[in-house]
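Shown next: entry38.csv, containing CSV, C-alpha atoms.
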```csv
chain,number,residue,atom,x,y,z
U,1,MET,CA,-4.9,-30.4,4.4
U,2,SER,CA,-1.1,-30.2,5.1
U,3,ALA,CA,1.1,-32.2,7.3
U,4,ALA,CA,0.9,-31.2,10.9
U,5,HIS,CA,3.9,-30.7,13.2
U,6,ASP,CA,5.3,-33.8,14.9
U,7,LEU,CA,4.1,-33.3,18.5
U,8,THR,CA,7.2,-34.9,19.9
U,9,GLY,CA,9.3,-31.9,18.8
U,10,GLU,CA,6.9,-29.3,20.2
U,11,GLY,CA,7.0,-30.0,23.9
U,12,ARG,CA,5.4,-32.7,25.9
U,13,PRO,CA,2.1,-34.1,24.5
U,14,PRO,CA,-0.8,-34.8,26.8
U,15,SER,CA,-0.7,-38.0,28.8
U,16,PRO,CA,-2.7,-41.0,27.7
U,17,GLU,CA,-4.9,-40.6,30.8
U,18,ARG,CA,-5.7,-37.0,29.8
U,19,VAL,CA,-6.4,-38.0,26.2
U,20,TRP,CA,-9.0,-40.6,27.4
U,21,GLU,CA,-10.5,-38.2,29.9
U,22,LEU,CA,-11.0,-35.5,27.2
U,23,CYS,CA,-11.1,-37.8,24.2
U,24,GLU,CA,-14.1,-36.0,22.7
U,25,PHE,CA,-11.8,-33.0,22.2
U,26,TYR,CA,-8.8,-34.8,20.8
U,27,ILE,CA,-10.6,-37.3,18.6
U,28,LEU,CA,-13.7,-37.0,16.4
U,29,GLY,CA,-16.7,-38.7,18.0
U,30,PHE,CA,-17.2,-41.5,15.4
U,31,ASP,CA,-13.4,-42.1,15.5
U,32,ILE,CA,-13.5,-42.8,19.2
U,33,ALA,CA,-15.9,-45.7,18.4
U,34,ARG,CA,-13.1,-47.2,16.3
U,35,LEU,CA,-11.2,-47.9,19.5
U,36,LEU,CA,-13.9,-50.2,20.7
U,37,TYR,CA,-14.9,-53.9,20.2
U,38,GLY,CA,-18.2,-55.6,20.0
U,39,ASP,CA,-18.7,-58.4,22.5
U,40,ASP,CA,-18.2,-60.8,19.6
U,41,GLY,CA,-14.6,-59.7,19.5
U,42,ARG,CA,-14.8,-57.7,16.3
U,43,PRO,CA,-13.6,-54.1,16.2
U,44,LEU,CA,-16.3,-51.5,15.5
U,45,GLY,CA,-13.9,-49.8,13.0
U,46,GLU,CA,-13.1,-53.2,11.3
U,47,ARG,CA,-10.2,-52.5,8.9
U,48,TYR,CA,-10.1,-48.9,9.9
U,49,ALA,CA,-9.8,-49.4,13.7
U,50,ALA,CA,-6.6,-48.6,15.5
U,51,ALA,CA,-3.7,-51.0,14.9
U,52,ARG,CA,-3.9,-52.4,18.5
U,53,VAL,CA,-7.6,-53.0,18.1
U,54,ARG,CA,-7.1,-54.8,14.8
U,55,GLU,CA,-4.3,-57.1,16.1
U,56,GLY,CA,-5.2,-60.7,15.5
U,57,VAL,CA,-8.5,-59.9,13.7
U,58,THR,CA,-9.1,-61.7,10.4
U,59,TYR,CA,-11.0,-60.2,7.4
U,60,ASP,CA,-12.9,-62.0,4.7
U,61,MET,CA,-12.5,-59.8,1.6
U,62,ARG,CA,-14.7,-60.6,-1.4
U,63,ARG,CA,-15.6,-59.0,-4.7
U,64,CYS,CA,-18.6,-56.7,-4.4
U,65,PRO,CA,-21.7,-58.0,-6.3
U,66,TYR,CA,-23.8,-54.9,-6.0
U,67,PRO,CA,-24.5,-52.5,-8.9
U,68,GLY,CA,-23.5,-48.9,-8.9
U,69,SER,CA,-20.4,-47.2,-7.5
U,70,ARG,CA,-19.3,-50.3,-5.5
U,71,SER,CA,-19.4,-52.7,-8.4
U,72,GLY,CA,-16.2,-54.7,-8.7
U,73,TYR,CA,-14.5,-53.4,-5.6
U,74,GLU,CA,-13.3,-55.6,-2.8
U,75,MET,CA,-15.5,-55.5,0.4
U,76,ASN,CA,-15.1,-56.8,3.9
U,77,VAL,CA,-17.9,-59.3,4.7
U,78,SER,CA,-16.5,-60.4,8.0
U,79,ALA,CA,-19.2,-58.7,10.1
U,80,LEU,CA,-22.0,-59.1,7.6
U,81,ARG,CA,-23.4,-62.3,9.1
U,82,SER,CA,-23.7,-60.9,12.6
U,83,MET,CA,-25.2,-57.7,11.4
U,84,GLN,CA,-27.8,-59.5,9.4
U,85,ALA,CA,-28.7,-61.6,12.5
U,86,ASP,CA,-29.1,-58.3,14.4
U,87,TRP,CA,-30.9,-56.4,11.6
U,88,PRO,CA,-34.4,-56.3,13.1
U,89,GLU,CA,-32.9,-55.0,16.3
U,90,VAL,CA,-30.8,-52.5,14.4
U,91,LEU,CA,-33.9,-51.0,12.7
U,92,ASP,CA,-35.8,-50.9,16.0
U,93,GLY,CA,-32.8,-49.1,17.6
U,94,VAL,CA,-32.8,-46.5,14.8
U,95,ALA,CA,-36.5,-46.0,15.1
U,96,GLU,CA,-36.2,-45.7,18.9
U,97,ILE,CA,-33.4,-43.1,18.6
U,98,ARG,CA,-35.3,-41.2,15.9
U,99,GLU,CA,-38.4,-41.0,18.2
U,100,ALA,CA,-36.3,-39.5,21.0
U,101,PHE,CA,-34.6,-37.1,18.5
U,102,HIS,CA,-38.0,-35.9,17.3
U,103,ARG,CA,-39.2,-35.4,20.9
U,104,ARG,CA,-36.3,-33.1,21.5
U,105,HIS,CA,-35.9,-31.3,18.2
U,106,GLY,CA,-39.0,-31.8,16.2
U,107,HIS,CA,-38.3,-31.8,12.4
U,108,GLU,CA,-40.8,-34.4,11.1
U,109,GLU,CA,-39.0,-34.0,7.7
U,110,PRO,CA,-35.4,-33.0,8.6
U,111,ASP,CA,-33.3,-31.1,6.1
U,112,TRP,CA,-29.7,-32.1,5.3
U,113,ARG,CA,-28.3,-30.2,8.3
U,114,TRP,CA,-30.6,-32.0,10.8
U,115,VAL,CA,-29.9,-35.3,9.1
U,116,TRP,CA,-26.2,-34.6,9.7
U,117,VAL,CA,-27.0,-34.0,13.4
U,118,PHE,CA,-29.1,-37.2,13.6
U,119,GLY,CA,-26.2,-39.2,12.0
U,120,ARG,CA,-24.0,-37.9,14.8
U,121,VAL,CA,-26.5,-39.2,17.3
U,122,LEU,CA,-26.5,-42.7,15.8
U,123,THR,CA,-22.7,-42.8,15.6
U,124,THR,CA,-22.0,-41.6,19.1
U,125,LEU,CA,-24.2,-44.3,20.8
U,126,PRO,CA,-21.2,-46.8,21.3
U,127,THR,CA,-19.0,-43.9,22.5
U,128,LEU,CA,-21.4,-42.8,25.2
U,129,TYR,CA,-22.0,-46.4,26.2
U,130,ALA,CA,-18.3,-47.0,26.6
U,131,ARG,CA,-17.6,-43.7,28.3
U,132,ARG,CA,-20.2,-44.4,31.0
U,133,SER,CA,-19.4,-48.0,31.5
U,134,GLY,CA,-17.7,-49.3,34.6
U,135,GLU,CA,-14.0,-50.0,34.9
U,136,GLY,CA,-12.8,-53.0,33.0
U,137,SER,CA,-15.5,-52.9,30.3
U,138,ARG,CA,-14.8,-49.6,28.6
U,139,THR,CA,-13.6,-51.1,25.3
U,140,VAL,CA,-16.5,-53.6,24.8
U,141,VAL,CA,-20.0,-52.8,23.6
U,142,PRO,CA,-22.9,-55.1,22.9
U,143,ARG,CA,-22.8,-56.6,19.4
U,144,ARG,CA,-26.1,-55.0,18.4
U,145,VAL,CA,-24.6,-51.6,19.2
U,146,ALA,CA,-21.7,-52.4,16.9
U,147,SER,CA,-24.2,-53.6,14.2
U,148,LEU,CA,-26.1,-50.3,14.5
U,149,TYR,CA,-22.9,-48.2,14.4
U,150,LYS,CA,-21.5,-49.6,11.1
U,151,PRO,CA,-24.4,-48.6,8.7
U,152,SER,CA,-24.9,-45.3,10.7
U,153,LEU,CA,-21.6,-44.0,9.4
U,154,GLY,CA,-23.1,-43.1,6.1
U,155,MET,CA,-25.9,-41.1,7.8
U,156,ALA,CA,-23.1,-38.8,9.2
U,157,MET,CA,-20.9,-38.8,6.2
U,158,THR,CA,-23.2,-38.2,3.2
U,159,PRO,CA,-24.9,-35.0,4.7
U,160,GLU,CA,-21.4,-33.6,5.4
U,161,TYR,CA,-20.3,-34.2,1.8
U,162,VAL,CA,-23.5,-32.4,0.6
U,163,MET,CA,-22.9,-29.4,2.9
U,164,LEU,CA,-19.1,-29.2,2.1
U,165,ALA,CA,-19.9,-29.2,-1.6
U,166,GLY,CA,-22.0,-26.1,-1.1
U,167,ASP,CA,-25.3,-27.7,-2.0
U,168,GLU,CA,-28.5,-26.4,-0.4
U,169,GLY,CA,-28.5,-27.7,3.2
U,170,LYS,CA,-32.1,-26.6,3.8
U,171,SER,CA,-33.6,-29.1,1.3
U,172,VAL,CA,-35.3,-32.2,2.7
U,173,PRO,CA,-33.8,-35.4,1.4
U,174,SER,CA,-36.0,-38.4,0.8
U,175,PRO,CA,-34.6,-41.9,1.3
U,176,GLU,CA,-34.1,-42.1,-2.5
U,177,ASP,CA,-32.3,-38.7,-2.5
U,178,PHE,CA,-30.0,-39.8,0.2
U,179,PHE,CA,-29.2,-43.1,-1.6
U,180,ARG,CA,-28.4,-41.2,-4.8
U,181,GLU,CA,-26.2,-38.7,-3.1
U,182,THR,CA,-24.3,-41.5,-1.4
U,183,GLU,CA,-23.7,-43.2,-4.7
U,184,GLU,CA,-22.8,-40.1,-6.7
U,185,ARG,CA,-20.4,-38.7,-4.0
U,186,GLY,CA,-18.6,-42.0,-3.5
U,187,VAL,CA,-19.5,-42.4,0.1
U,188,PHE,CA,-19.9,-46.1,-0.3
U,189,LEU,CA,-16.2,-46.3,-1.2
U,190,THR,CA,-13.0,-46.1,0.9
U,191,PRO,CA,-9.5,-45.8,-0.7
U,192,ASP,CA,-9.2,-49.6,-1.2
U,193,ALA,CA,-12.6,-51.2,-0.7
U,194,ALA,CA,-16.4,-50.7,-0.7
U,195,CYS,CA,-19.2,-50.8,1.9
U,196,SER,CA,-20.5,-54.4,2.2
U,197,GLY,CA,-24.1,-53.5,3.1
U,198,PRO,CA,-26.6,-55.2,0.8
U,199,VAL,CA,-28.7,-52.7,-1.2
U,200,ARG,CA,-31.9,-54.0,0.4
U,201,HIS,CA,-30.5,-53.3,3.9
U,202,VAL,CA,-29.3,-49.8,2.9
U,203,ARG,CA,-32.7,-48.9,1.6
U,204,GLU,CA,-34.4,-50.3,4.7
U,205,PHE,CA,-32.1,-48.4,6.9
U,206,LEU,CA,-32.8,-45.1,5.0
U,207,ASP,CA,-36.5,-45.7,5.2
U,208,VAL,CA,-36.4,-45.9,9.0
U,209,CYS,CA,-34.1,-42.8,9.2
U,210,LEU,CA,-35.9,-40.6,6.7
U,211,GLY,CA,-39.3,-42.1,5.8
U,212,PRO,CA,-42.4,-41.9,7.8
U,213,ARG,CA,-41.6,-42.4,11.5
U,214,ARG,CA,-42.5,-45.8,12.8
U,215,ALA,CA,-42.9,-47.1,16.4
U,216,PRO,CA,-40.1,-49.5,17.4
U,217,ARG,CA,-41.2,-53.0,18.3
U,218,SER,CA,-38.6,-53.1,21.1
U,219,ARG,CA,-36.8,-50.4,23.0
U,220,TRP,CA,-33.4,-51.9,23.7
U,221,VAL,CA,-31.4,-48.7,23.3
U,222,ALA,CA,-33.0,-47.1,26.4
U,223,GLU,CA,-31.9,-50.2,28.4
U,224,LEU,CA,-28.3,-49.3,27.6
U,225,VAL,CA,-28.2,-45.5,27.8
U,226,ASP,CA,-30.6,-42.7,28.7
U,227,LEU,CA,-31.9,-41.5,25.4
U,228,ASP,CA,-32.2,-37.8,26.5
U,229,ASP,CA,-28.5,-38.0,27.6
U,230,LEU,CA,-27.6,-39.5,24.2
U,231,ILE,CA,-29.3,-36.6,22.4
U,232,SER,CA,-27.6,-34.1,24.6
U,233,TYR,CA,-24.2,-35.7,24.3
U,234,SER,CA,-24.4,-35.9,20.5
U,235,TRP,CA,-25.6,-32.3,20.2
U,236,ALA,CA,-22.7,-31.0,22.3
U,237,ASN,CA,-20.2,-33.1,20.3
U,238,ALA,CA,-21.6,-31.8,17.0
U,239,GLU,CA,-21.2,-28.3,18.2
U,240,LEU,CA,-17.6,-29.0,19.3
U,241,GLU,CA,-16.9,-30.7,16.0
U,242,LEU,CA,-18.0,-27.7,13.9
U,243,ALA,CA,-15.9,-25.4,16.2
U,244,LYS,CA,-12.8,-27.6,15.4
U,245,TYR,CA,-13.5,-27.3,11.6
U,246,ARG,CA,-13.9,-23.5,12.0
U,247,PHE,CA,-10.6,-23.3,13.9
U,248,LEU,CA,-8.7,-25.0,11.0
U,249,LEU,CA,-10.4,-22.8,8.4
U,250,SER,CA,-9.5,-19.7,10.5
U,251,LEU,CA,-5.9,-20.8,10.6
U,252,ALA,CA,-5.7,-21.3,6.9
U,253,LEU,CA,-7.5,-18.1,6.0
U,254,ASN,CA,-5.4,-15.9,8.4
U,255,GLY,CA,-2.2,-16.6,6.6
U,256,GLU,CA,1.1,-18.5,7.0
U,257,ALA,CA,2.1,-17.0,10.3
U,258,GLU,CA,-0.9,-18.5,12.2
U,259,TRP,CA,-1.0,-21.7,10.1
U,260,GLY,CA,2.7,-22.2,10.6
U,261,ARG,CA,2.3,-22.5,14.4
U,262,PHE,CA,0.7,-25.9,13.7
U,263,PHE,CA,1.7,-27.1,10.3
U,264,ASP,CA,5.0,-27.6,8.4
U,265,THR,CA,3.7,-26.6,5.0
U,266,PRO,CA,1.9,-23.5,3.6
U,267,PRO,CA,-1.8,-23.2,4.2
U,268,PRO,CA,-4.1,-24.7,1.5
U,269,SER,CA,-6.2,-22.4,-0.7
U,270,SER,CA,-9.1,-24.9,-1.1
U,271,PHE,CA,-10.5,-28.0,0.4
U,272,ASP,CA,-12.1,-30.6,-1.9
U,273,ASP,CA,-11.8,-28.0,-4.7
U,274,ARG,CA,-13.9,-25.5,-2.7
U,275,PRO,CA,-12.4,-22.0,-1.9
U,276,LEU,CA,-11.9,-21.8,1.9
U,277,ASP,CA,-13.8,-18.5,2.2
U,278,GLU,CA,-16.9,-20.1,0.7
U,279,LEU,CA,-16.6,-23.1,2.9
U,280,ALA,CA,-16.2,-20.9,6.0
U,281,ALA,CA,-19.3,-18.9,5.0
U,282,ARG,CA,-21.3,-22.1,4.6
U,283,LEU,CA,-20.1,-23.5,7.9
U,284,ASP,CA,-20.9,-20.2,9.7
U,285,ALA,CA,-24.4,-20.3,8.3
U,286,THR,CA,-24.8,-23.9,9.5
U,287,VAL,CA,-23.6,-23.0,13.0
U,288,ALA,CA,-26.1,-20.1,13.1
U,289,ASP,CA,-29.0,-22.1,11.6
U,290,LEU,CA,-28.6,-24.9,14.1
U,291,GLY,CA,-28.4,-22.5,17.0
U,292,PHE,CA,-24.9,-23.3,18.0
U,293,SER,CA,-22.6,-20.9,19.9
U,294,ASP,CA,-22.2,-17.6,18.0
U,295,ARG,CA,-18.7,-17.5,19.6
U,296,ILE,CA,-17.6,-20.0,16.9
U,297,VAL,CA,-18.5,-17.6,14.1
U,298,ASP,CA,-17.2,-14.6,15.9
U,299,LEU,CA,-13.7,-16.1,16.5
U,300,GLY,CA,-13.6,-17.6,13.0
U,301,ARG,CA,-14.3,-14.3,11.3
U,302,ARG,CA,-11.6,-12.3,13.2
U,303,ASP,CA,-8.6,-11.3,11.2
U,304,ALA,CA,-6.3,-12.6,13.9
U,305,THR,CA,-7.0,-14.8,16.9
U,306,SER,CA,-4.7,-16.5,19.3
U,307,PRO,CA,-4.8,-20.3,20.1
U,308,GLU,CA,-5.5,-19.2,23.7
U,309,ASP,CA,-8.8,-17.6,22.5
U,310,TRP,CA,-9.8,-20.9,21.0
U,311,CYS,CA,-8.7,-22.9,24.0
U,312,GLU,CA,-11.2,-20.9,26.1
U,313,LEU,CA,-14.0,-21.6,23.6
U,314,PHE,CA,-13.1,-25.3,23.3
U,315,SER,CA,-12.9,-25.6,27.1
U,316,ASP,CA,-16.4,-24.1,27.4
U,317,LEU,CA,-17.8,-26.3,24.7
U,318,LEU,CA,-16.4,-29.4,26.4
U,319,VAL,CA,-18.4,-28.7,29.6
U,320,PRO,CA,-21.8,-30.0,28.3
U,321,VAL,CA,-20.1,-33.0,26.7
U,322,LEU,CA,-18.3,-34.1,29.9
U,323,ALA,CA,-21.4,-33.4,32.0
U,324,VAL,CA,-23.2,-36.2,30.3
U,325,VAL,CA,-20.2,-38.6,30.7
U,326,ARG,CA,-19.8,-37.9,34.4
U,327,ASP,CA,-21.9,-35.8,36.8
U,328,GLY,CA,-19.9,-33.0,38.3
U,329,SER,CA,-17.1,-33.1,35.8
U,330,PRO,CA,-15.1,-29.8,36.2
U,331,ARG,CA,-14.5,-27.4,33.3
U,332,PRO,CA,-11.3,-28.6,31.6
U,333,VAL,CA,-8.4,-26.2,31.1
U,334,LEU,CA,-7.0,-26.6,27.6
U,335,ASP,CA,-3.7,-25.3,26.4
U,336,VAL,CA,-1.8,-25.1,23.1
U,337,ALA,CA,-0.3,-28.6,23.5
U,338,ASP,CA,-3.9,-29.9,23.7
U,339,VAL,CA,-4.9,-28.0,20.6
U,340,ARG,CA,-1.8,-29.3,18.7
U,341,LEU,CA,-2.9,-32.9,19.4
U,342,MET,CA,-6.4,-32.2,18.3
U,343,VAL,CA,-5.2,-30.6,15.1
U,344,ARG,CA,-2.9,-33.5,14.4
U,345,HIS,CA,-5.7,-36.0,14.6
U,346,LEU,CA,-8.2,-33.9,12.7
U,347,ASP,CA,-5.7,-33.3,9.9
U,348,LEU,CA,-4.9,-37.0,9.6
U,349,SER,CA,-8.5,-38.0,9.7
U,350,TRP,CA,-9.4,-35.5,6.9
U,351,ARG,CA,-6.5,-36.3,4.6
U,352,SER,CA,-6.9,-40.0,4.5
U,353,SER,CA,-8.1,-43.0,6.4
U,354,GLY,CA,-5.7,-41.6,8.9
U,355,VAL,CA,-7.7,-42.4,11.9
U,356,ASP,CA,-5.3,-45.2,12.8
U,357,THR,CA,-2.3,-42.9,12.8
U,358,GLY,CA,-4.3,-40.2,14.6
U,359,ILE,CA,-5.4,-42.6,17.4
U,360,GLU,CA,-2.0,-44.1,17.7
U,361,LEU,CA,-0.5,-40.7,18.0
U,362,ALA,CA,-3.0,-39.8,20.7
U,363,ARG,CA,-1.6,-42.7,22.6
U,364,VAL,CA,-5.0,-43.6,23.9
U,365,PRO,CA,-4.5,-46.6,26.2
U,366,VAL,CA,-6.7,-49.0,24.4
U,367,THR,CA,-5.8,-52.1,26.3
U,368,GLY,CA,-7.6,-52.1,29.7
U,369,LEU,CA,-9.8,-49.1,29.1
```

Taking this structure as input, can you express it in the form of structure tokens?
Amino acid sequence: MSAAHDLTGEGRPPSPERVWELCEFYILGFDIARLLYGDDGRPLGERYAAARVREGVTYDMRRCPYPGSRSGYEMNVSALRSMQADWPEVLDGVAEIREAFHRRHGHEEPDWRWVWVFGRVLTTLPTLYARRSGEGSRTVVPRRVASLYKPSLGMAMTPEYVMLAGDEGKSVPSPEDFFRETEERGVFLTPDAACSGPVRHVREFLDVCLGPRRAPRSRWVAELVDLDDLISYSWANAELELAKYRFLLSLALNGEAEWGRFFDTPPPSSFDDRPLDELAARLDATVADLGFSDRIVDLGRRDATSPEDWCELFSDLLVPVLAVVRDGSPRPVLDVADVRLMVRHLDLSWRSSGVDTGIELARVPVTGL
């Protein structure tokens, strides 16, 4: 994607309080979690957390011993010991969430699209916990929540890579299929390091996510959040996220005039070597197949739309998100300044490990949340 306008030159950006109040709009769900700490003091985002969250945190970087795409890369093993100690609870937590997900949506053998949704459920657990916690504790989550979040990122990322590449989203991946796609698409890698998860743990995690469903031996997740609320919150966030993607594609496809309202450079003609019209068609099909709002597709396919039209849609899509966070939350009223900040963060998050810059730009008041 292209460099977005500097918000400071485009009027007053939203206040830090408003950014936190509506953070699901401004910041991608799994990026919100990178603002948080485990109760052992380690940031959930580790080296990709916001700068203020990383301050004073040390990292133990070692050469990766695992075969495959990660071989020879540096990896951060700082949180590995605590995650291994929590591992039985991590697997029980995933099994517990999968059980709740199956009760709501069915899909004994989910295809790539539903695996993507399930990955979003796993990665939004810490965010919902933090958003519903009392004053003074909103940046800290139990260590086992952090331990579950870190391996869950791949469950959200790999299906998205598969769908963005234009592959068949309706095929059902086995644990082995998922592992192979993760290897071949480089999801184990970041720009400067590799995932530190042992191969055995990765495969165990995939078996619990995608193999035959198993009953959890403990049900600790339900002690922290209501599981039905977690499913509802994640579903609403997934719908909002696809609407954001479609908005950017609509801007790019509708020419320089619309794109230029938000970006300083010409619109791209492709994303990850895929023509934008093909990507838009696949995204529209995914929105329809999952049963998300047809307004996303309708707005996205128009030859010209105004940011105000999208503000109305985004405001409506935020209602079910905020209703889970806080009973009686009013419908937010978004304007173009809000959309500019969302676009800025999404652009940075897509182009690089730009989550740090995006979060810092959002000015979320990390300390004392």

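Remark: for U:Phe101, the closest of the candidate residues U:Glu312, U:Asp347, U:Asp228, U:Asp284 is U:Asp228 (distances computed over all atoms listed in the file).
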
- Task: Can you pull out every residue within 10 Å of U:Thr123, counting all atoms listed in the file, but drop anything in the same chain fewer than 2 positions away, and send it as a list of chain:residue names?
- Result: U:Gly29, U:Phe30, U:Asp31, U:Ile32, U:Ala33, U:Phe118, U:Gly119, U:Arg120, U:Val121, U:Leu125, U:Pro126, U:Thr127, U:Leu128, U:Val145, U:Ala146, U:Leu148, U:Tyr149, U:Lys150, U:Pro151, U:Ser152, U:Leu153, U:Gly154, U:Met155, U:Ala156, U:Ser234

- Message: If I take atom CA of U:Ser293 and atom CA of U:Arg18, how far is one from the other in Å, to one decimal?
- Response: 25.4 Å

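Of the residues listed (U:His345, U:Arg113, U:Arg70, U:Arg214), U:Arg214 shows the shortest atom-to-atom separation from U:Arg98; distances use all atoms listed in the file.
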
- Message: So that I can check the surroundings of U:Glu99, please list as an NGL selection string every protein, DNA and RNA residue that reaches within 12 Å of it, counting all atoms listed in the file and ignoring chain neighbours fewer than 4 positions away.
- Response: :U and (92-95 or 103-108 or 118 or 208-210 or 212-216 or 219 or 221-222 or 227-228 or 231)

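When only C-alpha atoms are used to compute distances to U:Leu22, the closest of the residues U:Pro307, U:Arg131, U:Pro88, U:Gly56 turns out to be U:Arg131.
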
Using only C-alpha atoms, find each residue in stretch 216-255 of chain U having at least one atom no more than 12 Å away from stretch 266-276 of chain U; report its shortest atom-to-atom pair and that distance in Å (one decimal), rows by chain then rising number, as a tab-separated table.
```
residue	atom	partner	partner_atom	distance
U:Tyr245	CA	U:Leu276	CA	11.3
U:Arg246	CA	U:Leu276	CA	10.4
U:Leu248	CA	U:Pro267	CA	9.9
U:Leu249	CA	U:Leu276	CA	6.7
U:Ser250	CA	U:Leu276	CA	9.2
U:Leu251	CA	U:Pro267	CA	8.0
U:Ala252	CA	U:Pro267	CA	5.1
U:Leu253	CA	U:Leu276	CA	7.1
U:Asn254	CA	U:Pro267	CA	9.2
U:Gly255	CA	U:Pro267	CA	7.0
```

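Of note, atom CA of U:Ser78 and atom CA of U:Pro191 are spaced 18.4 Å apart.
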
- Item | All residues 8 Å or closer to U:Asn237, all atoms listed in the file, same chain fewer than 2 positions away omitted, as an MDAnalysis selection string | chainID U and resid 24 29 233:235 239:241 321
